[in-house]
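Peer 1: Provided herewith: target_36.cif, mmCIF, C-alpha atoms.
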data_structure
loop_
_atom_site.group_PDB
_atom_site.id
_atom_site.type_symbol
_atom_site.label_atom_id
_atom_site.label_comp_id
_atom_site.auth_asym_id
_atom_site.auth_seq_id
_atom_site.Cartn_x
_atom_site.Cartn_y
_atom_site.Cartn_z
ATOM 1 C CA MET F 13 -10.223 -24.663 44.849
ATOM 2 C CA LEU F 14 -10.072 -21.235 46.443
ATOM 3 C CA HIS F 15 -10.636 -18.230 44.256
ATOM 4 C CA ASN F 16 -8.415 -15.933 46.278
ATOM 5 C CA GLU F 17 -4.886 -16.290 47.508
ATOM 6 C CA TYR F 18 -6.128 -17.737 50.792
ATOM 7 C CA ASP F 19 -5.744 -21.350 51.785
ATOM 8 C CA HIS F 20 -8.680 -21.153 54.174
ATOM 9 C CA ILE F 21 -11.581 -18.832 55.036
ATOM 10 C CA ILE F 22 -13.041 -18.474 58.510
ATOM 11 C CA LEU F 23 -16.597 -17.170 58.726
ATOM 12 C CA LEU F 24 -16.711 -15.167 61.948
ATOM 13 C CA ALA F 25 -20.015 -14.377 63.647
ATOM 14 C CA HIS F 26 -20.489 -12.306 66.791
ATOM 15 C CA GLY F 27 -21.678 -14.912 69.320
ATOM 16 C CA SER F 28 -24.582 -14.783 71.770
ATOM 17 C CA PRO F 29 -25.605 -16.122 75.179
ATOM 18 C CA ASP F 30 -28.666 -17.588 73.426
ATOM 19 C CA PRO F 31 -27.859 -21.104 72.121
ATOM 20 C CA LEU F 32 -30.474 -20.873 69.346
ATOM 21 C CA TRP F 33 -28.899 -17.703 67.955
ATOM 22 C CA LYS F 34 -26.105 -19.529 66.155
ATOM 23 C CA LYS F 35 -28.412 -21.769 64.088
ATOM 24 C CA PRO F 36 -28.645 -19.552 60.965
ATOM 25 C CA PHE F 37 -24.854 -19.099 60.913
ATOM 26 C CA GLU F 38 -24.376 -22.850 61.182
ATOM 27 C CA ALA F 39 -26.877 -23.383 58.361
ATOM 28 C CA LEU F 40 -24.996 -20.916 56.144
ATOM 29 C CA TYR F 41 -21.711 -22.593 56.973
ATOM 30 C CA GLU F 42 -23.073 -26.084 56.353
ATOM 31 C CA GLN F 43 -24.256 -24.972 52.931
ATOM 32 C CA ALA F 44 -20.713 -23.789 52.138
ATOM 33 C CA VAL F 45 -19.070 -26.919 53.529
ATOM 34 C CA GLU F 46 -21.302 -29.194 51.509
ATOM 35 C CA PHE F 47 -19.810 -27.726 48.368
ATOM 36 C CA TYR F 48 -16.287 -26.772 49.404
ATOM 37 C CA GLY F 49 -15.414 -29.149 52.213
ATOM 38 C CA THR F 50 -14.092 -28.379 55.684
ATOM 39 C CA GLU F 51 -10.507 -28.027 54.494
ATOM 40 C CA HIS F 52 -11.304 -24.643 52.933
ATOM 41 C CA SER F 53 -13.645 -23.067 55.465
ATOM 42 C CA SER F 54 -14.524 -22.921 59.145
ATOM 43 C CA LEU F 55 -17.077 -21.158 61.323
ATOM 44 C CA ALA F 56 -15.980 -19.300 64.467
ATOM 45 C CA PHE F 57 -17.473 -16.854 66.969
ATOM 46 C CA MET F 58 -15.957 -13.693 68.397
ATOM 47 C CA GLU F 59 -17.345 -14.175 71.898
ATOM 48 C CA LEU F 60 -19.884 -16.062 74.020
ATOM 49 C CA THR F 61 -20.228 -18.972 71.559
ATOM 50 C CA THR F 62 -17.788 -21.712 70.576
ATOM 51 C CA PRO F 63 -15.696 -22.482 68.632
ATOM 52 C CA THR F 64 -13.686 -19.288 69.074
ATOM 53 C CA LEU F 65 -11.267 -17.944 66.492
ATOM 54 C CA GLU F 66 -8.462 -19.347 68.635
ATOM 55 C CA ASP F 67 -10.064 -22.827 68.670
ATOM 56 C CA VAL F 68 -10.411 -22.819 64.896
ATOM 57 C CA VAL F 69 -6.937 -21.463 64.116
ATOM 58 C CA GLY F 70 -5.451 -23.984 66.552
ATOM 59 C CA GLN F 71 -6.986 -26.841 64.575
ATOM 60 C CA LEU F 72 -5.915 -25.735 61.110
ATOM 61 C CA ASP F 73 -3.793 -28.138 59.120
ATOM 62 C CA GLU F 74 -0.170 -27.057 59.167
ATOM 63 C CA LYS F 75 -0.159 -26.882 55.369
ATOM 64 C CA ILE F 76 -2.413 -23.820 55.634
ATOM 65 C CA LYS F 77 -0.308 -20.649 55.394
ATOM 66 C CA THR F 78 -2.845 -17.910 54.589
ATOM 67 C CA VAL F 79 -6.251 -17.426 56.162
ATOM 68 C CA ALA F 80 -8.966 -14.849 55.559
ATOM 69 C CA VAL F 81 -11.507 -13.997 58.238
ATOM 70 C CA LEU F 82 -14.875 -12.984 56.757
ATOM 71 C CA PRO F 83 -16.980 -11.256 59.436
ATOM 72 C CA LEU F 84 -20.684 -12.131 59.333
ATOM 73 C CA PHE F 85 -21.409 -8.616 60.598
ATOM 74 C CA PHE F 86 -23.440 -5.787 59.102
ATOM 75 C CA ALA F 87 -21.052 -2.959 59.872
ATOM 76 C CA VAL F 88 -17.617 -2.086 61.193
ATOM 77 C CA GLY F 89 -17.713 -0.967 64.811
ATOM 78 C CA ARG F 90 -15.658 -1.461 67.936
ATOM 79 C CA HIS F 91 -15.505 -5.252 67.442
ATOM 80 C CA LEU F 92 -14.086 -5.167 63.912
ATOM 81 C CA ARG F 93 -11.914 -2.118 64.556
ATOM 82 C CA HIS F 94 -10.382 -3.329 67.828
ATOM 83 C CA ASP F 95 -11.423 -6.699 69.275
ATOM 84 C CA VAL F 96 -11.097 -8.926 66.217
ATOM 85 C CA PRO F 97 -7.822 -7.336 64.980
ATOM 86 C CA ALA F 98 -6.398 -7.936 68.473
ATOM 87 C CA GLN F 99 -7.515 -11.592 68.377
ATOM 88 C CA ILE F 100 -5.966 -11.971 64.931
ATOM 89 C CA ALA F 101 -2.707 -10.287 65.978
ATOM 90 C CA ALA F 102 -2.406 -12.764 68.853
ATOM 91 C CA LEU F 103 -2.930 -15.764 66.544
ATOM 92 C CA GLN F 104 -0.785 -14.723 63.606
ATOM 93 C CA THR F 105 2.662 -16.239 63.281
ATOM 94 C CA GLU F 106 5.533 -16.118 60.815
ATOM 95 C CA GLN F 107 4.083 -19.313 59.325
ATOM 96 C CA LEU F 108 0.455 -18.194 59.249
ATOM 97 C CA ARG F 109 -0.843 -14.951 57.774
ATOM 98 C CA ILE F 110 -4.409 -14.017 58.801
ATOM 99 C CA ASP F 111 -6.221 -11.191 56.973
ATOM 100 C CA LEU F 112 -9.443 -9.549 58.108
ATOM 101 C CA LEU F 113 -11.889 -8.992 55.216
ATOM 102 C CA PRO F 114 -14.630 -6.321 55.181
ATOM 103 C CA PRO F 115 -17.884 -7.475 56.832
ATOM 104 C CA ILE F 116 -20.348 -9.404 54.688
ATOM 105 C CA GLY F 117 -22.940 -6.636 55.159
ATOM 106 C CA ASP F 118 -20.620 -4.265 53.259
ATOM 107 C CA ASP F 119 -21.024 -6.315 50.106
ATOM 108 C CA GLU F 120 -23.239 -4.692 47.465
ATOM 109 C CA LEU F 121 -25.126 -7.945 46.931
ATOM 110 C CA VAL F 122 -26.105 -8.218 50.599
ATOM 111 C CA LYS F 123 -26.976 -4.512 50.779
ATOM 112 C CA GLN F 124 -29.175 -4.829 47.717
ATOM 113 C CA ALA F 125 -30.917 -7.915 49.138
ATOM 114 C CA MET F 126 -31.650 -6.054 52.390
ATOM 115 C CA TYR F 127 -33.000 -3.086 50.484
ATOM 116 C CA THR F 128 -35.260 -5.376 48.468
ATOM 117 C CA VAL F 129 -36.652 -6.942 51.658
ATOM 118 C CA ILE F 130 -37.346 -3.479 53.072
ATOM 119 C CA ALA F 131 -38.908 -2.350 49.799
ATOM 120 C CA ARG F 132 -41.193 -5.396 49.835
ATOM 121 C CA HIS F 133 -42.429 -4.476 53.284
ATOM 122 C CA LEU F 134 -42.940 -0.917 52.123
ATOM 123 C CA GLY F 135 -44.925 -1.960 49.102
ATOM 124 C CA ARG F 136 -42.666 -2.293 46.103
ATOM 125 C CA GLU F 137 -41.401 -5.613 44.834
ATOM 126 C CA GLU F 138 -38.091 -5.170 43.091
ATOM 127 C CA MET G 8 -48.491 3.074 49.839
ATOM 128 C CA LEU G 9 -47.621 0.280 52.231
ATOM 129 C CA HIS G 10 -47.897 -3.262 50.976
ATOM 130 C CA ASN G 11 -48.809 -4.734 54.345
ATOM 131 C CA GLU G 12 -51.418 -3.785 56.871
ATOM 132 C CA TYR G 13 -48.927 -1.522 58.647
ATOM 133 C CA ASP G 14 -49.080 2.262 58.603
ATOM 134 C CA HIS G 15 -45.374 2.559 59.358
ATOM 135 C CA ILE G 16 -42.253 0.406 59.463
ATOM 136 C CA ILE G 17 -39.363 0.968 61.850
ATOM 137 C CA LEU G 18 -35.993 -0.463 60.815
ATOM 138 C CA LEU G 19 -34.308 -1.456 64.066
ATOM 139 C CA ALA G 20 -30.538 -1.934 64.252
ATOM 140 C CA HIS G 21 -28.557 -3.029 67.297
ATOM 141 C CA GLY G 22 -26.546 0.106 68.156
ATOM 142 C CA SER G 23 -22.844 0.498 68.947
ATOM 143 C CA PRO G 24 -20.500 2.705 70.982
ATOM 144 C CA ASP G 25 -18.661 3.366 67.690
ATOM 145 C CA PRO G 26 -20.219 6.390 65.933
ATOM 146 C CA LEU G 27 -19.135 5.199 62.472
ATOM 147 C CA TRP G 28 -20.934 1.873 62.921
ATOM 148 C CA LYS G 29 -24.364 3.288 62.129
ATOM 149 C CA LYS G 30 -23.402 4.665 58.683
ATOM 150 C CA PRO G 31 -24.425 1.622 56.599
ATOM 151 C CA PHE G 32 -27.793 1.424 58.385
ATOM 152 C CA GLU G 33 -28.366 5.125 57.730
ATOM 153 C CA ALA G 34 -27.444 4.632 54.080
ATOM 154 C CA LEU G 35 -29.943 1.770 53.766
ATOM 155 C CA TYR G 36 -32.619 3.851 55.455
ATOM 156 C CA GLU G 37 -31.929 6.906 53.293
ATOM 157 C CA GLN G 38 -32.320 4.751 50.194
ATOM 158 C CA ALA G 39 -35.755 3.640 51.460
ATOM 159 C CA VAL G 40 -36.815 7.154 52.467
ATOM 160 C CA GLU G 41 -35.895 8.573 49.100
ATOM 161 C CA PHE G 42 -38.527 6.357 47.536
ATOM 162 C CA TYR G 43 -41.144 6.000 50.272
ATOM 163 C CA GLY G 44 -40.817 9.167 52.356
ATOM 164 C CA THR G 45 -40.390 9.534 56.104
ATOM 165 C CA GLU G 46 -44.110 9.079 56.804
ATOM 166 C CA HIS G 47 -43.852 5.339 56.120
ATOM 167 C CA SER G 48 -40.510 4.415 57.671
ATOM 168 C CA SER G 49 -38.067 5.284 60.422
ATOM 169 C CA LEU G 50 -34.689 4.060 61.638
ATOM 170 C CA ALA G 51 -34.110 3.283 65.319
ATOM 171 C CA PHE G 52 -31.493 1.573 67.474
ATOM 172 C CA MET G 53 -31.981 -0.932 70.282
ATOM 173 C CA GLU G 54 -29.212 0.461 72.478
ATOM 174 C CA LEU G 55 -26.111 2.707 72.586
ATOM 175 C CA THR G 56 -27.116 4.731 69.492
ATOM 176 C CA THR G 57 -29.940 7.234 68.961
ATOM 177 C CA PRO G 58 -32.727 7.539 68.030
ATOM 178 C CA THR G 59 -34.103 4.787 70.254
ATOM 179 C CA LEU G 60 -37.304 2.909 69.540
ATOM 180 C CA GLU G 61 -38.939 5.075 72.207
ATOM 181 C CA ASP G 62 -37.748 8.299 70.492
ATOM 182 C CA VAL G 63 -39.140 7.158 67.159
ATOM 183 C CA VAL G 64 -42.484 5.880 68.459
ATOM 184 C CA GLY G 65 -42.890 9.113 70.449
ATOM 185 C CA GLN G 66 -42.623 11.143 67.261
ATOM 186 C CA LEU G 67 -45.046 9.155 65.127
ATOM 187 C CA ASP G 68 -47.998 11.023 63.706
ATOM 188 C CA GLU G 69 -51.128 10.255 65.706
ATOM 189 C CA LYS G 70 -52.824 8.989 62.543
ATOM 190 C CA ILE G 71 -50.496 5.978 62.649
ATOM 191 C CA LYS G 72 -52.247 3.028 64.302
ATOM 192 C CA THR G 73 -50.163 0.001 63.291
ATOM 193 C CA VAL G 74 -46.383 -0.232 63.219
ATOM 194 C CA ALA G 75 -44.052 -3.059 62.246
ATOM 195 C CA VAL G 76 -40.530 -3.286 63.621
ATOM 196 C CA LEU G 77 -38.115 -4.917 61.143
ATOM 197 C CA PRO G 78 -34.917 -5.940 62.962
ATOM 198 C CA LEU G 79 -31.722 -5.393 60.957
ATOM 199 C CA PHE G 80 -30.257 -8.429 62.710
ATOM 200 C CA PHE G 81 -28.908 -11.711 61.365
ATOM 201 C CA ALA G 82 -30.498 -13.999 63.919
ATOM 202 C CA VAL G 83 -32.909 -14.211 66.823
ATOM 203 C CA GLY G 84 -31.118 -14.220 70.154
ATOM 204 C CA ARG G 85 -31.577 -12.696 73.573
ATOM 205 C CA HIS G 86 -32.206 -9.220 72.131
ATOM 206 C CA LEU G 87 -35.050 -10.228 69.819
ATOM 207 C CA ARG G 88 -36.467 -12.804 72.218
ATOM 208 C CA HIS G 89 -36.443 -10.585 75.321
ATOM 209 C CA ASP G 90 -35.120 -7.019 75.093
ATOM 210 C CA VAL G 91 -36.934 -5.763 72.002
ATOM 211 C CA PRO G 92 -40.307 -7.408 72.895
ATOM 212 C CA ALA G 93 -40.037 -5.717 76.308
ATOM 213 C CA GLN G 94 -39.349 -2.336 74.670
ATOM 214 C CA ILE G 95 -42.310 -2.859 72.346
ATOM 215 C CA ALA G 96 -44.620 -3.937 75.184
ATOM 216 C CA ALA G 97 -43.770 -0.720 77.027
ATOM 217 C CA LEU G 98 -44.549 1.444 73.979
ATOM 218 C CA GLN G 99 -47.688 -0.262 72.750
ATOM 219 C CA THR G 100 -51.037 1.345 73.609
ATOM 220 C CA GLU G 101 -54.695 0.716 72.844
ATOM 221 C CA GLN G 102 -54.303 3.204 70.000
ATOM 222 C CA LEU G 103 -51.018 1.860 68.626
ATOM 223 C CA ARG G 104 -50.292 -1.750 67.730
ATOM 224 C CA ILE G 105 -46.596 -2.599 67.278
ATOM 225 C CA ASP G 106 -45.602 -5.956 65.734
ATOM 226 C CA LEU G 107 -42.110 -7.413 65.716
ATOM 227 C CA LEU G 108 -41.193 -8.960 62.351
ATOM 228 C CA PRO G 109 -38.570 -11.713 61.847
ATOM 229 C CA PRO G 110 -35.012 -10.363 61.454
ATOM 230 C CA ILE G 111 -33.927 -9.310 57.958
ATOM 231 C CA GLY G 112 -31.210 -12.003 58.015
ATOM 232 C CA ASP G 113 -33.967 -14.651 58.126
ATOM 233 C CA ASP G 114 -35.164 -13.643 54.689
ATOM 234 C CA GLU G 115 -34.258 -16.117 51.932
ATOM 235 C CA LEU G 116 -33.046 -13.293 49.694
ATOM 236 C CA VAL G 117 -30.549 -12.048 52.276
ATOM 237 C CA LYS G 118 -29.424 -15.594 53.119
ATOM 238 C CA GLN G 119 -28.870 -16.320 49.435
ATOM 239 C CA ALA G 120 -26.882 -13.099 48.975
ATOM 240 C CA MET G 121 -24.659 -13.976 51.936
ATOM 241 C CA TYR G 122 -24.087 -17.451 50.587
ATOM 242 C CA THR G 123 -23.143 -16.017 47.203
ATOM 243 C CA VAL G 124 -20.578 -13.693 48.816
ATOM 244 C CA ILE G 125 -19.081 -16.637 50.718
ATOM 245 C CA ALA G 126 -19.070 -18.775 47.565
ATOM 246 C CA ARG G 127 -17.238 -16.014 45.695
ATOM 247 C CA HIS G 128 -14.529 -15.989 48.323
ATOM 248 C CA LEU G 129 -14.344 -19.753 48.150
ATOM 249 C CA GLY G 130 -14.027 -19.785 44.395
ATOM 250 C CA ARG G 131 -17.414 -20.216 42.799
ATOM 251 C CA GLU G 132 -19.362 -17.336 41.337
ATOM 252 C CA GLU G 133 -23.068 -18.064 41.497
#
Hey, can you dump this file as structure tokens for me?
Peer 2:
Amino acid sequence: MLHNEYDHIILLAHGSPDPLWKKPFEALYEQAVEFYGTEHSSLAFMELTTPTLEDVVGQLDEKIKTVAVLPLFFAVGRHLRHDVPAQIAALQTEQLRIDLLPPIGDDELVKQAMYTVIARHLGREE
Amino acid sequence: MLHNEYDHIILLAHGSPDPLWKKPFEALYEQAVEFYGTEHSSLAFMELTTPTLEDVVGQLDEKIKTVAVLPLFFAVGRHLRHDVPAQIAALQTEQLRIDLLPPIGDDELVKQAMYTVIARHLGREE
């Protein structure tokens, strides 16, 4: 059961020409799917790696009316300000609303985890 | 006092043509500097954003003999397999050892935080 108003969440990673690069994103997604099932979440890539956002949206069940895209990015730059909104605008229809969420790196929990890793390297365990 | 054998740690982010993109990395770095001081850590960017790794290494105090580069990346791809090692190889000298650490996204703490954020969106608070 989804917590938010969305019927489905797409985890969106950047993509890379290196085939090994996507492994950690797939592992994260598989962990989510194990608990929530594929009907509530998908994994897509902005460029260079498949499936694309278009592939994933094209395969959604027609019962799905609202989708959130959660970027697996650290920060908002050109991609999240321009490229991804343009991809979303092209895929949105009267029957399917697609919202772009803030990037996962913006979340306080992720920021705090990164700071803790840095602090460990610098000498303080938190 | 550094926990590891390194005299200095450089946080290395990707870089972006979007000037606002670097803000969260600067915020993370400022949080570290507030506690540890600039003598133990720096922030650098692989491309498109300054300071570069070369800028930062060029300004290190000559007392610093060992440096670790901690990539603020989610995953190892072309950049961490080829581009950054090449940059490091060009900057390393007999007097200065520079090691490349695994990316921060590889750390279990960061992975767990990302999973928790995804799980929250999907309906389960962990």
Peer 1: Write out as a Markdown table the residues of chain G that have any atom within 6 Å of an atom of chain F, one row each with the nearest atom pair and its distance in Å to one decimal, counting all atoms listed in the file, sorted by chain and then rising number.
Peer 2:
| residue | atom | partner | partner_atom | distance |
| --- | --- | --- | --- | --- |
| G:Leu9 | CA | F:Gly135 | CA | 4.7 |
| G:His10 | CA | F:Gly135 | CA | 3.7 |
| G:Asp25 | CA | F:Gly89 | CA | 5.3 |
| G:Trp28 | CA | F:Gly89 | CA | 4.7 |
| G:Ala82 | CA | F:Trp33 | CA | 5.7 |
| G:Val83 | CA | F:Trp33 | CA | 5.4 |
| G:Gly84 | CA | F:Trp33 | CA | 4.7 |
| G:Arg85 | CA | F:Asp30 | CA | 5.7 |
| G:Leu116 | CA | F:Ala125 | CA | 5.8 |
| G:Val117 | CA | F:Ala125 | CA | 5.2 |
| G:Ala120 | CA | F:Val122 | CA | 5.2 |
| G:Leu129 | CA | F:Leu14 | CA | 4.8 |
| G:Gly130 | CA | F:His15 | CA | 3.7 |
Peer 1: Would you place a box with edges along x, y and z of the file around all atoms of stretch 40-52 of chain G listed there, add 3 Å to each of its six sides, and report the centre and edge lengths in Å to one decimal, as JSON?
Peer 2:
{"center_x": -37.8, "center_y": 5.6, "center_z": 57.5, "size_x": 18.6, "size_y": 14.0, "size_z": 25.9}
Peer 1: Tell me which residues the PyMOL selection byres ((chain F and resi 100-107) around 9) grabs here, as a list in words.
Peer 2: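 Applying the PyMOL selection byres ((chain F and resi 100-107) around 9) to the structure shown produces Leu65, Glu66, Val69, Gly70, Glu74, Ile76, Lys77, Thr78, Val81, Asp95, Val96, Pro97, Ala98, Gln99, Leu108, Arg109, Ile110, Asp111 and Leu112 of chain F.
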Peer 1: For C-alpha atoms, I'd like the residues from the last selection saved as a short mmCIF file (atom, residue, chain, number, x, y, z; two decimals), in the frame of the given file.
Peer 2:
data_model
loop_
_atom_site.label_atom_id
_atom_site.label_comp_id
_atom_site.auth_asym_id
_atom_site.auth_seq_id
_atom_site.Cartn_x
_atom_site.Cartn_y
_atom_site.Cartn_z
CA LEU F 65 -11.27 -17.94 66.49
CA GLU F 66 -8.46 -19.35 68.64
CA VAL F 69 -6.94 -21.46 64.12
CA GLY F 70 -5.45 -23.98 66.55
CA GLU F 74 -0.17 -27.06 59.17
CA ILE F 76 -2.41 -23.82 55.63
CA LYS F 77 -0.31 -20.65 55.39
CA THR F 78 -2.84 -17.91 54.59
CA VAL F 81 -11.51 -14.00 58.24
CA ASP F 95 -11.42 -6.70 69.28
CA VAL F 96 -11.10 -8.93 66.22
CA PRO F 97 -7.82 -7.34 64.98
CA ALA F 98 -6.40 -7.94 68.47
CA GLN F 99 -7.52 -11.59 68.38
CA LEU F 108 0.46 -18.19 59.25
CA ARG F 109 -0.84 -14.95 57.77
CA ILE F 110 -4.41 -14.02 58.80
CA ASP F 111 -6.22 -11.19 56.97
CA LEU F 112 -9.44 -9.55 58.11
#
Peer 1: Starting from the displayed file, determine the output of the PyMOL selection byres ((chain F and resi 57) around 6) and express the residue list as a ChimeraX atom specification.
Peer 2: /F:24-27,56,58-59,61,64
Peer 1: To one decimal place in Å, what is the distance between atom CA of G:Gly44 and atom CA of G:Leu67?
Peer 2: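 Answer for the atom CA of G:Gly44 to atom CA of G:Leu67 separation: 13.5 Å.
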Peer 1: Rounded to one decimal, what separation in Å do you get between atom CA of G:Gln66 and atom CA of G:Leu108?
Peer 2: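 Going from atom CA of G:Gln66 over to atom CA of G:Leu108, I get 20.7 Å.
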Peer 1: Just to confirm, what's the straight-line distance from atom CA of F:Leu60 to atom CA of G:Pro78 in Å (one decimal)?
Peer 2: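 Between these atoms lies a distance of 21.2 Å.
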